[in-house]
Amino acid sequence: MGDFRSGFVAIVGRANVGKSTLLNTIIGQKVTIVSDKPQTTRNRIQCVWTTDESQVVFLDTPGFHRPQDRLGEAMMEAAQEAIAEVDAVLFLVDGPSGAGRGDRIVAEKLAKATTPVLLVVNKLDAVPREERDGIVDSFRALGSFASVHGISALTGEGVPELCREIQDLLPVGPKYYPDDWVSDHPERFVVAELVREKVLHLTREEVPHATAVEVERMEREEGRDLVHIDATIYVERESQKGIVIGKRGALLKEVGTLARQDIERLLGSPVFLQLWVKVRRDWRDRESALRELGYK
């Protein structure tokens with residue numbers, strides 16, 4: 001165990017470049033929610049990847065963006081703090097989209113980092129094979145990097161090579177978490193995120209960022225292998241509540257069905273999930289609400 005390596009690695013980048021997908025691929029199971037809506041990740045979710053040789057604690061930071069409210073400001077503060085606290089940084093970019101203004105903003109922030117920054121060009125599965133090297137090379141102008149990797153977080157291409165380099169960069173150190181841990185968040189948090197993921201997938205554009213989920217009860221029934229979960233989906237307006245519930249409750253029922261399947265895989269037990277939808281006006285701009293819902 002003398003040469004066991006461990007450390008902390010932040011994944012940063014503009015919104016919707018595939019950070020959560022990459023983490024789920026590395027860990028081998030769903031630990032962060034995946035959505036095509038920007039700013040899906042709100043907290044610095046710590047995911048733990050343990051092998052015989054090393055333990056990597058990943059921080060999945062909120063995507064860099066221009067804050068529109070107190071929630072957005074809190075997300076940006078979390079992203080900035082993550083860069084200063086880690087042993088290495090993965091700068092993830094969207095290969096098919098090309099280097100844009102958002103990437104350059106992130107690159108400027110990373111230029112001040114004293115830790116190694118690895119440039120990771122993602123989504124190459126969407127690029128013809130003969131064009132991939134050119135796409136990867138086009139991102140090198142964003143800054144000076146410890147190394148550059150072309151990957152597909154979706155298919156796993158290039159991810160093992162990236163993981164080997166991450167391990168090599170880590171210092172010799174202790175095992176921070178038990179072998180079977182994949183996240184330092186309590187199960188209630190992960191369950192709430194899985195419900196929120198389904199809302200993001202199934203609702204229209206005006207709803208997603210106004211949505212938060214709070215798990216109010218989560219307990220195993222005595223004498224039975226069944227977990228009872230009560231959760232509330234918060235929105236900011238009555239019109240959004242109607243959208244989340246859907247016609248005759250159809251959309252909320254679908255959210256519950258899809259979330260329950262993921263939660264059962266997470267817990268390894270049958271789940272009885274009850275969902276409610278409540279209006280909490282302007283919660284994204286209220287400090288007390290952000291604290292109560294776990295965003296501060």
# chains A, B, ... in the order shown; residues from 1 in each chain; ligands from 1
call {"tool": "select_by_dssp", "arguments": {"residues": "region 172-250 of chain A", "states": "strand (DSSP E)", "output": "PyMOL selection string"}}
result
chain A and resi 212-220+227-235
call {"tool": "closest_residue", "arguments": {"among": "A:Ile245, A:Val277, A:Val195, A:Val56", "to": "Ile233 (chain A)", "atoms": "only C-alpha atoms"}}
result
A:Val277
call {"tool": "closest_atom_pairs", "arguments": {"of": "region 111-197 of chain A", "to": "region 3-9 of chain A", "cutoff": "9 Å", "atoms": "only C-alpha atoms", "output": "Markdown table"}}
result
| residue | atom | partner | partner_atom | distance |
| --- | --- | --- | --- | --- |
| A:Ile166 | CA | A:Val9 | CA | 8.2 |
| A:Gln167 | CA | A:Arg5 | CA | 7.1 |
| A:Asp168 | CA | A:Arg5 | CA | 8.2 |
| A:Leu169 | CA | A:Arg5 | CA | 8.8 |
| A:Leu170 | CA | A:Gly7 | CA | 5.6 |
| A:Pro171 | CA | A:Arg5 | CA | 5.5 |
| A:Val172 | CA | A:Arg5 | CA | 4.1 |
| A:Gly173 | CA | A:Ser6 | CA | 5.0 |
| A:Pro174 | CA | A:Ser6 | CA | 6.2 |
| A:Lys175 | CA | A:Ser6 | CA | 6.5 |
| A:Tyr176 | CA | A:Ser6 | CA | 7.8 |
